[in-house]
file run_0.pdb (PDB, C-alpha atoms)
MODEL        1
ATOM      1  CA  MET P   1    -107.718-167.558   5.354
ATOM      2  CA  ASN P   2    -107.852-164.665   7.764
ATOM      3  CA  SER P   3    -111.048-162.683   7.091
ATOM      4  CA  THR P   4    -110.117-159.851   9.445
ATOM      5  CA  VAL P   5    -110.278-156.458   7.728
ATOM      6  CA  THR P   6    -106.766-155.031   7.805
ATOM      7  CA  SER P   7    -107.590-151.523   6.521
ATOM      8  CA  THR P   8    -110.463-149.242   5.814
ATOM      9  CA  LYS P   9    -109.454-149.034   2.148
ATOM     10  CA  GLU P  10    -109.685-152.785   1.627
ATOM     11  CA  ASN P  11    -113.034-152.889   3.379
ATOM     12  CA  ALA P  12    -114.392-150.131   1.134
ATOM     13  CA  TRP P  13    -113.200-151.857  -2.052
ATOM     14  CA  ALA P  14    -114.341-155.458  -1.587
ATOM     15  CA  GLY P  15    -114.475-155.954  -5.341
ATOM     16  CA  GLY P  16    -111.723-158.461  -6.071
ATOM     17  CA  ASP P  17    -107.953-158.437  -6.260
ATOM     18  CA  ASN P  18    -107.627-155.449  -8.588
ATOM     19  CA  GLN P  19    -108.713-151.930  -7.676
ATOM     20  CA  PRO P  20    -109.028-149.784 -10.848
ATOM     21  CA  LEU P  21    -108.141-146.085 -10.475
ATOM     22  CA  GLY P  22    -107.820-146.555  -6.746
ATOM     23  CA  ALA P  23    -111.607-146.275  -6.359
ATOM     24  CA  SER P  24    -113.843-148.490  -4.302
ATOM     25  CA  TYR P  25    -116.195-150.975  -5.937
ATOM     26  CA  GLY P  26    -119.244-148.957  -4.891
ATOM     27  CA  LYS P  27    -117.913-145.732  -6.408
ATOM     28  CA  MET P  28    -116.994-147.521  -9.644
ATOM     29  CA  MET P  29    -120.523-148.870  -9.976
ATOM     30  CA  MET P  30    -121.965-145.433  -9.219
ATOM     31  CA  TRP P  31    -119.837-143.919 -11.983
ATOM     32  CA  PHE P  32    -121.050-146.608 -14.421
ATOM     33  CA  PHE P  33    -124.647-145.755 -13.554
ATOM     34  CA  LEU P  34    -124.072-142.010 -13.884
ATOM     35  CA  VAL P  35    -122.437-142.372 -17.298
ATOM     36  CA  SER P  36    -125.371-144.426 -18.617
ATOM     37  CA  ASP P  37    -127.848-141.983 -17.101
ATOM     38  CA  ALA P  38    -125.968-139.061 -18.645
ATOM     39  CA  LEU P  39    -126.353-140.679 -22.074
ATOM     40  CA  THR P  40    -130.098-141.026 -21.471
ATOM     41  CA  PHE P  41    -130.489-137.354 -20.572
ATOM     42  CA  SER P  42    -128.304-136.383 -23.516
ATOM     43  CA  GLY P  43    -130.651-138.223 -25.870
ATOM     44  CA  PHE P  44    -133.701-136.469 -24.402
ATOM     45  CA  LEU P  45    -132.118-133.022 -24.619
ATOM     46  CA  ALA P  46    -130.852-133.658 -28.137
ATOM     47  CA  ALA P  47    -134.388-134.617 -29.216
ATOM     48  CA  TYR P  48    -135.679-131.436 -27.587
ATOM     49  CA  GLY P  49    -133.046-129.368 -29.368
ATOM     50  CA  PHE P  50    -133.865-130.812 -32.794
ATOM     51  CA  SER P  51    -137.598-130.281 -32.271
ATOM     52  CA  ARG P  52    -137.044-126.772 -30.950
ATOM     53  CA  PHE P  53    -135.106-125.621 -33.990
ATOM     54  CA  LYS P  54    -137.355-127.442 -36.426
ATOM     55  CA  PHE P  55    -140.365-125.514 -35.114
ATOM     56  CA  ILE P  56    -138.460-122.434 -33.946
ATOM     57  CA  GLU P  57    -140.968-120.020 -35.517
ATOM     58  CA  THR P  58    -143.821-121.296 -33.330
ATOM     59  CA  TRP P  59    -141.964-122.370 -30.187
ATOM     60  CA  PRO P  60    -143.218-120.780 -26.922
ATOM     61  CA  ILE P  61    -141.088-118.007 -25.423
ATOM     62  CA  ALA P  62    -139.954-119.066 -21.934
ATOM     63  CA  ASP P  63    -140.183-115.532 -20.537
ATOM     64  CA  GLU P  64    -143.894-115.532 -21.371
ATOM     65  CA  VAL P  65    -144.589-119.007 -19.975
ATOM     66  CA  PHE P  66    -142.719-119.189 -16.673
ATOM     67  CA  THR P  67    -143.784-115.926 -15.072
ATOM     68  CA  HIS P  68    -145.392-117.054 -11.833
ATOM     69  CA  VAL P  69    -144.147-116.763  -8.259
ATOM     70  CA  PRO P  70    -146.040-118.421  -5.358
ATOM     71  CA  PHE P  71    -148.265-116.165  -3.248
ATOM     72  CA  THR P  72    -147.808-113.216  -5.598
ATOM     73  CA  HIS P  73    -149.681-111.725  -8.537
ATOM     74  CA  GLY P  74    -148.178-110.256 -11.637
ATOM     75  CA  SER P  75    -145.568-111.318 -14.179
ATOM     76  CA  TYR P  76    -142.066-112.183 -12.964
ATOM     77  CA  PRO P  77    -140.296-113.947 -15.858
ATOM     78  CA  MET P  78    -137.880-116.664 -14.761
ATOM     79  CA  ILE P  79    -137.622-115.384 -11.166
ATOM     80  CA  TYR P  80    -138.978-118.479  -9.448
ATOM     81  CA  VAL P  81    -137.150-120.882 -11.758
ATOM     82  CA  ALA P  82    -133.904-119.049 -10.991
ATOM     83  CA  LEU P  83    -134.640-119.369  -7.264
ATOM     84  CA  MET P  84    -135.281-123.108  -7.641
ATOM     85  CA  THR P  85    -131.979-123.480  -9.483
ATOM     86  CA  PHE P  86    -130.097-121.546  -6.808
ATOM     87  CA  ILE P  87    -131.535-123.744  -4.050
ATOM     88  CA  LEU P  88    -130.571-126.938  -5.878
ATOM     89  CA  ILE P  89    -127.025-125.679  -6.503
ATOM     90  CA  MET P  90    -126.670-124.698  -2.842
ATOM     91  CA  SER P  91    -127.772-128.200  -1.848
ATOM     92  CA  SER P  92    -124.856-129.476  -3.914
ATOM     93  CA  VAL P  93    -122.555-127.216  -1.875
ATOM     94  CA  THR P  94    -123.871-128.625   1.402
ATOM     95  CA  MET P  95    -123.339-132.121   0.010
ATOM     96  CA  VAL P  96    -119.677-131.285  -0.702
ATOM     97  CA  LEU P  97    -119.332-130.089   2.887
ATOM     98  CA  ALA P  98    -120.959-133.306   4.163
ATOM     99  CA  VAL P  99    -118.500-135.445   2.181
ATOM    100  CA  ASP P 100    -115.564-133.378   3.431
ATOM    101  CA  ALA P 101    -116.774-133.723   7.013
ATOM    102  CA  GLY P 102    -117.097-137.464   6.480
ATOM    103  CA  HIS P 103    -113.462-137.692   5.383
ATOM    104  CA  LYS P 104    -112.525-135.971   8.634
ATOM    105  CA  MET P 105    -114.815-138.300  10.627
ATOM    106  CA  GLN P 106    -116.824-135.339  11.944
ATOM    107  CA  LYS P 107    -120.170-136.966  12.549
ATOM    108  CA  ASN P 108    -122.090-133.921  13.771
ATOM    109  CA  LYS P 109    -121.097-131.849  10.747
ATOM    110  CA  VAL P 110    -122.088-134.664   8.400
ATOM    111  CA  ILE P 111    -125.502-134.787  10.079
ATOM    112  CA  TRP P 112    -125.993-131.031   9.765
ATOM    113  CA  TYR P 113    -124.905-130.760   6.123
ATOM    114  CA  MET P 114    -126.853-133.866   5.066
ATOM    115  CA  PHE P 115    -129.937-132.376   6.714
ATOM    116  CA  LEU P 116    -129.521-129.142   4.736
ATOM    117  CA  THR P 117    -129.060-131.144   1.532
ATOM    118  CA  VAL P 118    -132.292-133.059   2.116
ATOM    119  CA  ILE P 119    -134.181-129.831   2.868
ATOM    120  CA  GLY P 120    -132.836-128.169  -0.280
ATOM    121  CA  GLY P 121    -133.818-131.138  -2.433
ATOM    122  CA  ALA P 122    -137.287-131.303  -0.886
ATOM    123  CA  ILE P 123    -137.845-127.595  -1.565
ATOM    124  CA  PHE P 124    -136.803-128.082  -5.189
ATOM    125  CA  VAL P 125    -139.143-131.042  -5.702
ATOM    126  CA  GLY P 126    -142.009-129.153  -4.080
ATOM    127  CA  SER P 127    -141.292-126.115  -6.247
ATOM    128  CA  GLN P 128    -141.255-128.255  -9.371
ATOM    129  CA  ALA P 129    -144.596-129.783  -8.402
ATOM    130  CA  TRP P 130    -146.016-126.277  -7.946
ATOM    131  CA  GLU P 131    -144.631-125.232 -11.319
ATOM    132  CA  TRP P 132    -146.217-128.273 -12.980
ATOM    133  CA  ASN P 133    -149.555-127.450 -11.391
ATOM    134  CA  THR P 134    -149.369-123.851 -12.602
ATOM    135  CA  PHE P 135    -148.321-124.932 -16.090
ATOM    136  CA  ILE P 136    -151.175-127.443 -16.320
ATOM    137  CA  LYS P 137    -153.868-125.078 -15.040
ATOM    138  CA  GLY P 138    -152.745-122.012 -16.994
ATOM    139  CA  ASP P 139    -154.004-118.551 -16.206
ATOM    140  CA  LYS P 140    -154.944-116.843 -19.479
ATOM    141  CA  GLY P 141    -156.458-119.360 -21.866
ATOM    142  CA  ALA P 142    -156.397-119.374 -25.657
ATOM    143  CA  LEU P 143    -158.182-120.739 -28.720
ATOM    144  CA  GLU P 144    -157.035-123.575 -30.918
ATOM    145  CA  THR P 145    -157.654-123.611 -34.665
ATOM    146  CA  LYS P 146    -158.538-126.514 -36.944
ATOM    147  CA  GLY P 147    -154.859-126.870 -37.803
ATOM    148  CA  GLY P 148    -153.823-127.071 -34.157
ATOM    149  CA  ARG P 149    -152.470-123.505 -34.001
ATOM    150  CA  ILE P 150    -152.857-121.436 -30.842
ATOM    151  CA  LEU P 151    -154.497-118.000 -30.806
ATOM    152  CA  GLN P 152    -153.743-115.896 -27.737
ATOM    153  CA  PHE P 153    -155.296-112.563 -26.819
ATOM    154  CA  VAL P 154    -153.571-109.277 -26.066
ATOM    155  CA  LYS P 155    -154.720-105.928 -24.686
ATOM    156  CA  ALA P 156    -154.081-103.368 -27.413
ATOM    157  CA  ASP P 157    -153.410-100.461 -25.059
ATOM    158  CA  SER P 158    -150.831-102.184 -22.830
ATOM    159  CA  GLY P 159    -149.541-105.071 -24.951
ATOM    160  CA  GLU P 160    -150.127-107.497 -22.084
ATOM    161  CA  ARG P 161    -151.762-110.872 -22.562
ATOM    162  CA  ALA P 162    -155.480-110.835 -21.888
ATOM    163  CA  ALA P 163    -157.141-113.671 -20.009
ATOM    164  CA  LEU P 164    -160.357-115.107 -21.415
ATOM    165  CA  LYS P 165    -162.172-114.087 -18.251
ATOM    166  CA  ASP P 166    -161.273-110.444 -18.960
ATOM    167  CA  PHE P 167    -163.498-110.198 -22.019
ATOM    168  CA  ALA P 168    -165.455-113.417 -22.689
ATOM    169  CA  ILE P 169    -169.238-113.007 -22.386
ATOM    170  CA  THR P 170    -171.306-115.821 -20.907
ATOM    171  CA  ILE P 171    -174.122-116.932 -23.182
ATOM    172  CA  PRO P 172    -177.130-118.313 -21.262
ATOM    173  CA  GLY P 173    -177.662-121.966 -22.144
ATOM    174  CA  GLU P 174    -174.334-122.290 -23.952
ATOM    175  CA  ARG P 175    -172.682-124.411 -21.249
ATOM    176  CA  VAL P 176    -175.828-126.539 -20.864
ATOM    177  CA  GLU P 177    -175.771-127.221 -24.580
ATOM    178  CA  HIS P 178    -172.227-128.539 -24.329
ATOM    179  CA  GLU P 179    -172.577-130.765 -21.290
ATOM    180  CA  ASN P 180    -172.955-134.526 -21.334
ATOM    181  CA  LYS P 181    -175.768-134.284 -23.875
ATOM    182  CA  ASN P 182    -173.169-133.502 -26.506
ATOM    183  CA  GLY P 183    -170.814-136.460 -26.746
ATOM    184  CA  VAL P 184    -168.830-134.834 -29.542
ATOM    185  CA  TRP P 185    -167.741-132.055 -27.170
ATOM    186  CA  PHE P 186    -166.276-134.510 -24.706
ATOM    187  CA  TYR P 187    -164.792-136.670 -27.448
ATOM    188  CA  ASP P 188    -163.051-133.746 -29.114
ATOM    189  CA  GLU P 189    -161.868-131.803 -26.062
ATOM    190  CA  GLY P 190    -161.711-134.368 -23.273
ATOM    191  CA  TYR P 191    -162.600-131.654 -20.775
ATOM    192  CA  VAL P 192    -164.991-128.738 -20.407
ATOM    193  CA  PRO P 193    -163.243-125.322 -20.376
ATOM    194  CA  SER P 194    -164.541-122.261 -18.573
ATOM    195  CA  TYR P 195    -165.892-120.742 -21.788
ATOM    196  CA  SER P 196    -167.025-121.904 -25.201
ATOM    197  CA  VAL P 197    -165.624-120.604 -28.488
ATOM    198  CA  LYS P 198    -168.857-118.671 -29.089
ATOM    199  CA  GLU P 199    -168.551-116.923 -25.732
ATOM    200  CA  VAL P 200    -164.961-115.944 -26.414
ATOM    201  CA  VAL P 201    -165.737-114.679 -29.919
ATOM    202  CA  LYS P 202    -168.732-112.701 -28.676
ATOM    203  CA  GLY P 203    -166.641-111.072 -25.957
ATOM    204  CA  PHE P 204    -163.904-110.305 -28.456
ATOM    205  CA  LYS P 205    -166.313-108.537 -30.777
ATOM    206  CA  ALA P 206    -167.672-106.485 -27.876
ATOM    207  CA  ASP P 207    -164.241-105.340 -26.670
ATOM    208  CA  SER P 208    -162.301-103.294 -29.226
ATOM    209  CA  ASN P 209    -159.215-103.257 -26.989
ATOM    210  CA  ILE P 210    -158.557-106.969 -27.531
ATOM    211  CA  LEU P 211    -156.392-108.294 -30.361
ATOM    212  CA  VAL P 212    -155.360-111.790 -31.430
ATOM    213  CA  ARG P 213    -151.752-112.907 -31.270
ATOM    214  CA  THR P 214    -150.622-115.979 -33.182
ATOM    215  CA  GLU P 215    -147.908-118.376 -32.046
ATOM    216  CA  THR P 216    -145.648-117.415 -34.966
ATOM    217  CA  ILE P 217    -142.549-115.454 -33.911
ATOM    218  CA  ASN P 218    -141.755-112.422 -36.088
ATOM    219  CA  GLU P 219    -138.357-110.953 -36.981
ATOM    220  CA  GLU P 220    -138.272-108.922 -33.750
ATOM    221  CA  GLY P 221    -138.542-112.120 -31.701
ATOM    222  CA  HIS P 222    -142.133-111.503 -30.597
ATOM    223  CA  LYS P 223    -145.389-113.302 -31.308
ATOM    224  CA  THR P 224    -147.213-111.902 -34.350
ATOM    225  CA  LEU P 225    -149.944-109.440 -33.380
ATOM    226  CA  LEU P 226    -152.922-109.153 -35.742
ATOM    227  CA  SER P 227    -155.127-106.167 -36.445
ATOM    228  CA  ARG P 228    -158.820-106.200 -35.482
ATOM    229  CA  GLU P 229    -159.839-107.179 -39.012
ATOM    230  CA  GLU P 230    -157.201-109.918 -39.213
ATOM    231  CA  SER P 231    -158.127-111.086 -35.727
ATOM    232  CA  LEU P 232    -161.824-111.450 -36.571
ATOM    233  CA  LYS P 233    -160.970-113.429 -39.689
ATOM    234  CA  LYS P 234    -158.568-115.662 -37.764
ATOM    235  CA  LEU P 235    -161.187-116.428 -35.123
ATOM    236  CA  GLU P 236    -163.339-118.072 -37.802
ATOM    237  CA  SER P 237    -160.956-121.043 -37.792
ATOM    238  CA  ALA P 238    -161.082-121.515 -33.997
ATOM    239  CA  THR P 239    -162.530-124.851 -32.914
ATOM    240  CA  GLN P 240    -162.015-125.043 -29.151
ATOM    241  CA  VAL P 241    -160.896-123.259 -26.012
ATOM    242  CA  VAL P 242    -157.597-124.337 -24.443
ATOM    243  CA  GLU P 243    -156.713-123.585 -20.820
ATOM    244  CA  GLY P 244    -153.305-124.571 -19.518
ATOM    245  CA  ALA P 245    -151.275-127.414 -20.974
ATOM    246  CA  ASN P 246    -151.294-131.201 -21.155
ATOM    247  CA  LEU P 247    -149.979-133.861 -23.520
ATOM    248  CA  ILE P 248    -152.589-132.961 -26.159
ATOM    249  CA  HIS P 249    -153.236-129.219 -25.910
ATOM    250  CA  ASN P 250    -151.025-126.302 -24.925
ATOM    251  CA  GLU P 251    -152.242-122.727 -24.536
ATOM    252  CA  TYR P 252    -148.658-121.447 -24.657
ATOM    253  CA  GLY P 253    -147.951-122.682 -28.191
ATOM    254  CA  SER P 254    -146.491-125.833 -29.750
ATOM    255  CA  ARG P 255    -147.798-129.088 -28.309
ATOM    256  CA  LEU P 256    -144.302-130.571 -28.461
ATOM    257  CA  PHE P 257    -143.103-127.999 -25.952
ATOM    258  CA  GLY P 258    -145.566-129.316 -23.369
ATOM    259  CA  ASP P 259    -144.680-132.936 -24.142
ATOM    260  CA  PHE P 260    -140.960-132.345 -23.714
ATOM    261  CA  PHE P 261    -141.509-130.195 -20.625
ATOM    262  CA  PHE P 262    -143.498-132.876 -18.824
ATOM    263  CA  PHE P 263    -141.218-135.716 -19.870
ATOM    264  CA  ILE P 264    -137.785-134.175 -19.299
ATOM    265  CA  THR P 265    -138.509-132.113 -16.187
ATOM    266  CA  GLY P 266    -140.579-135.010 -14.843
ATOM    267  CA  PHE P 267    -137.735-137.456 -15.442
ATOM    268  CA  HIS P 268    -135.305-135.113 -13.722
ATOM    269  CA  GLY P 269    -137.777-134.506 -10.894
ATOM    270  CA  PHE P 270    -137.985-138.270 -10.370
ATOM    271  CA  HIS P 271    -134.198-138.335 -10.019
ATOM    272  CA  VAL P 272    -134.268-135.517  -7.477
ATOM    273  CA  LEU P 273    -137.065-137.181  -5.499
ATOM    274  CA  SER P 274    -135.125-140.462  -5.496
ATOM    275  CA  GLY P 275    -132.044-138.575  -4.346
ATOM    276  CA  VAL P 276    -133.955-136.937  -1.500
ATOM    277  CA  ILE P 277    -135.226-140.319  -0.310
ATOM    278  CA  ILE P 278    -131.768-141.913  -0.546
ATOM    279  CA  ASN P 279    -130.132-138.965   1.194
ATOM    280  CA  LEU P 280    -132.733-139.207   3.943
ATOM    281  CA  ILE P 281    -131.883-142.875   4.485
ATOM    282  CA  ILE P 282    -128.170-142.080   4.596
ATOM    283  CA  PHE P 283    -128.892-139.190   6.959
ATOM    284  CA  PHE P 284    -130.573-141.504   9.476
ATOM    285  CA  ASN P 285    -127.724-144.004   9.121
ATOM    286  CA  VAL P 286    -125.298-141.219   9.987
ATOM    287  CA  VAL P 287    -127.410-140.243  13.005
ATOM    288  CA  ILE P 288    -127.417-143.776  14.435
ATOM    289  CA  GLY P 289    -123.657-144.079  13.863
ATOM    290  CA  THR P 290    -123.623-146.762  11.145
ATOM    291  CA  TYR P 291    -120.700-145.258   9.224
ATOM    292  CA  GLU P 292    -118.873-144.245  12.390
ATOM    293  CA  ARG P 293    -118.716-147.928  13.317
ATOM    294  CA  ARG P 294    -117.553-148.859   9.806
ATOM    295  CA  GLY P 295    -114.688-146.422  10.132
ATOM    296  CA  HIS P 296    -115.503-144.468   6.939
ATOM    297  CA  TYR P 297    -118.256-142.374   5.352
ATOM    298  CA  GLU P 298    -117.893-143.634   1.813
ATOM    299  CA  MET P 299    -121.642-144.120   1.454
ATOM    300  CA  VAL P 300    -122.065-140.362   1.898
ATOM    301  CA  GLU P 301    -119.516-139.833  -0.867
ATOM    302  CA  LYS P 302    -121.346-142.221  -3.214
ATOM    303  CA  VAL P 303    -124.727-140.557  -2.777
ATOM    304  CA  GLY P 304    -122.880-137.260  -3.140
ATOM    305  CA  LEU P 305    -121.771-138.289  -6.629
ATOM    306  CA  TYR P 306    -125.383-138.984  -7.555
ATOM    307  CA  TRP P 307    -126.560-135.674  -6.093
ATOM    308  CA  HIS P 308    -123.923-133.669  -7.970
ATOM    309  CA  PHE P 309    -124.963-135.432 -11.165
ATOM    310  CA  VAL P 310    -128.600-134.495 -10.606
ATOM    311  CA  ASP P 311    -127.596-130.876 -10.052
ATOM    312  CA  LEU P 312    -125.422-130.840 -13.170
ATOM    313  CA  VAL P 313    -128.204-132.267 -15.309
ATOM    314  CA  TRP P 314    -130.562-129.551 -14.079
ATOM    315  CA  VAL P 315    -128.088-126.913 -15.285
ATOM    316  CA  PHE P 316    -128.475-128.316 -18.803
ATOM    317  CA  VAL P 317    -132.255-128.687 -18.502
ATOM    318  CA  PHE P 318    -132.490-125.134 -17.183
ATOM    319  CA  THR P 319    -130.378-123.864 -20.079
ATOM    320  CA  PHE P 320    -132.328-125.732 -22.765
ATOM    321  CA  PHE P 321    -135.853-124.982 -21.497
ATOM    322  CA  TYR P 322    -135.551-121.597 -19.874
ATOM    323  CA  LEU P 323    -132.580-119.712 -21.284
ATOM    324  CA  VAL P 324    -131.995-120.690 -24.914
TER     325      VAL P 324
ENDMDL
END

call {"tool": "encode", "arguments": {"input": "run_0.pdb", "output": "structure tokens"}}
result
Amino acid sequence: MNSTVTSTKENAWAGGDNQPLGASYGKMMMWFFLVSDALTFSGFLAAYGFSRFKFIETWPIADEVFTHVPFTHGSYPMIYVALMTFILIMSSVTMVLAVDAGHKMQKNKVIWYMFLTVIGGAIFVGSQAWEWNTFIKGDKGALETKGGRILQFVKADSGERAALKDFAITIPGERVEHENKNGVWFYDEGYVPSYSVKEVVKGFKADSNILVRTETINEEGHKTLLSREESLKKLESATQVVEGANLIHNEYGSRLFGDFFFFITGFHGFHVLSGVIINLIIFFNVVIGTYERRGHYEMVEKVGLYWHFVDLVWVFVFTFFYLV
């Protein structure tokens, strides 16, 4: 039997006698993977949606959570997330251009557009890592009650959230009392916050401009703001200080929000990171002329399918977490 490749198309298929839908074997397998992965993401987002609407009255408001922009101070709701999304979408555009250049056997253009795609993906992953770090550290702090509810603080004159450092009063000896001598503190909290509940309550009582805001959303779509008297009474149920978010505590509101945020955005971030690494490998193969010698750039097209899928999934994640 003559093993000589008679056409580029046959060489790209190499999957048997039948060629379904006129697609190569590699592209068929990529589509199978993407369909299964799409079902996985659909399950995660559906679970998020059910949880969101079950606890809709206490769910964090995205515009109040994602307000940070690197190297700046102040509140800029959704600005940086929108920029991240734009960069990822533009990387999908450069990937389309790379695939098109590959069809035309234009090696230099493929190199250039693949390079831009890798850079765009790397910026997105780095931005997501920065966002995670900011989300975990927090910047305002809050108190958690015995029932696991979050109490945030607001400046009465401006309506802006108040950070614990703005009004909490340090009590001499308080932090010493709650160091390693007190095992219950470490057992209950797992970490030592910047202030104790007593220090926060004392500062609250000394500053009449501070009010407590619960995590319950009122009819106007805002968190419920309590009066001074109601705030003082509510503080009696506070058990610990919460700064930032993790899988157990969340200063922004419902714990489930933090759990879903870490899991879903982390899972998507893993896909983007994997895509960046794969695209980088393909990029170097293009540079050394691997696909030029094969006579086709189908590998670029296959990784392009994966990259477009990753971008499309982020559109849904962005909509569920940040817009709805």

call {"tool": "atom_distance", "arguments": {"input": "run_0.pdb", "atom1": "atom CA of P:Ile277", "atom2": "atom CA of P:Asn108"}}
result
20.3 Å

call {"tool": "residues_around", "arguments": {"input": "run_0.pdb", "residues": "P:Val276", "least_positions_apart": "5", "cutoff": "7 Å", "atoms": "all atoms listed in the file", "output": "PDB file with C-alpha atoms, in the frame of the given file"}}
result
ATOM      1  CA  VAL P 118    -132.292-133.059   2.116  1.00  0.00           C
ATOM      2  CA  GLY P 121    -133.818-131.138  -2.433  1.00  0.00           C
ATOM      3  CA  ALA P 122    -137.287-131.303  -0.886  1.00  0.00           C
TER       4      ALA P 122
END

call {"tool": "residues_near_point", "arguments": {"input": "run_0.pdb", "point": "(-136.6, -120.6, -22.9)", "cutoff": "12 Å", "atoms": "all atoms listed in the file", "output": "PyMOL selection string"}}
result
chain P and resi 48-49+52+56+59-67+77-78+81+257+261+316-324

call {"tool": "atom_distance", "arguments": {"input": "run_0.pdb", "atom1": "atom CA of P:Phe260", "atom2": "atom CA of P:Phe55"}}
result
13.3 Å

call {"tool": "closest_residue", "arguments": {"input": "run_0.pdb", "among": "P:Glu301, P:Glu160, P:Glu57, P:Glu229", "to": "P:Ile217", "atoms": "all atoms listed in the file"}}
result
P:Glu57

call {"tool": "atom_distance", "arguments": {"input": "run_0.pdb", "atom1": "atom CA of P:Met299", "atom2": "atom CA of P:Ile89"}}
result
20.8 Å
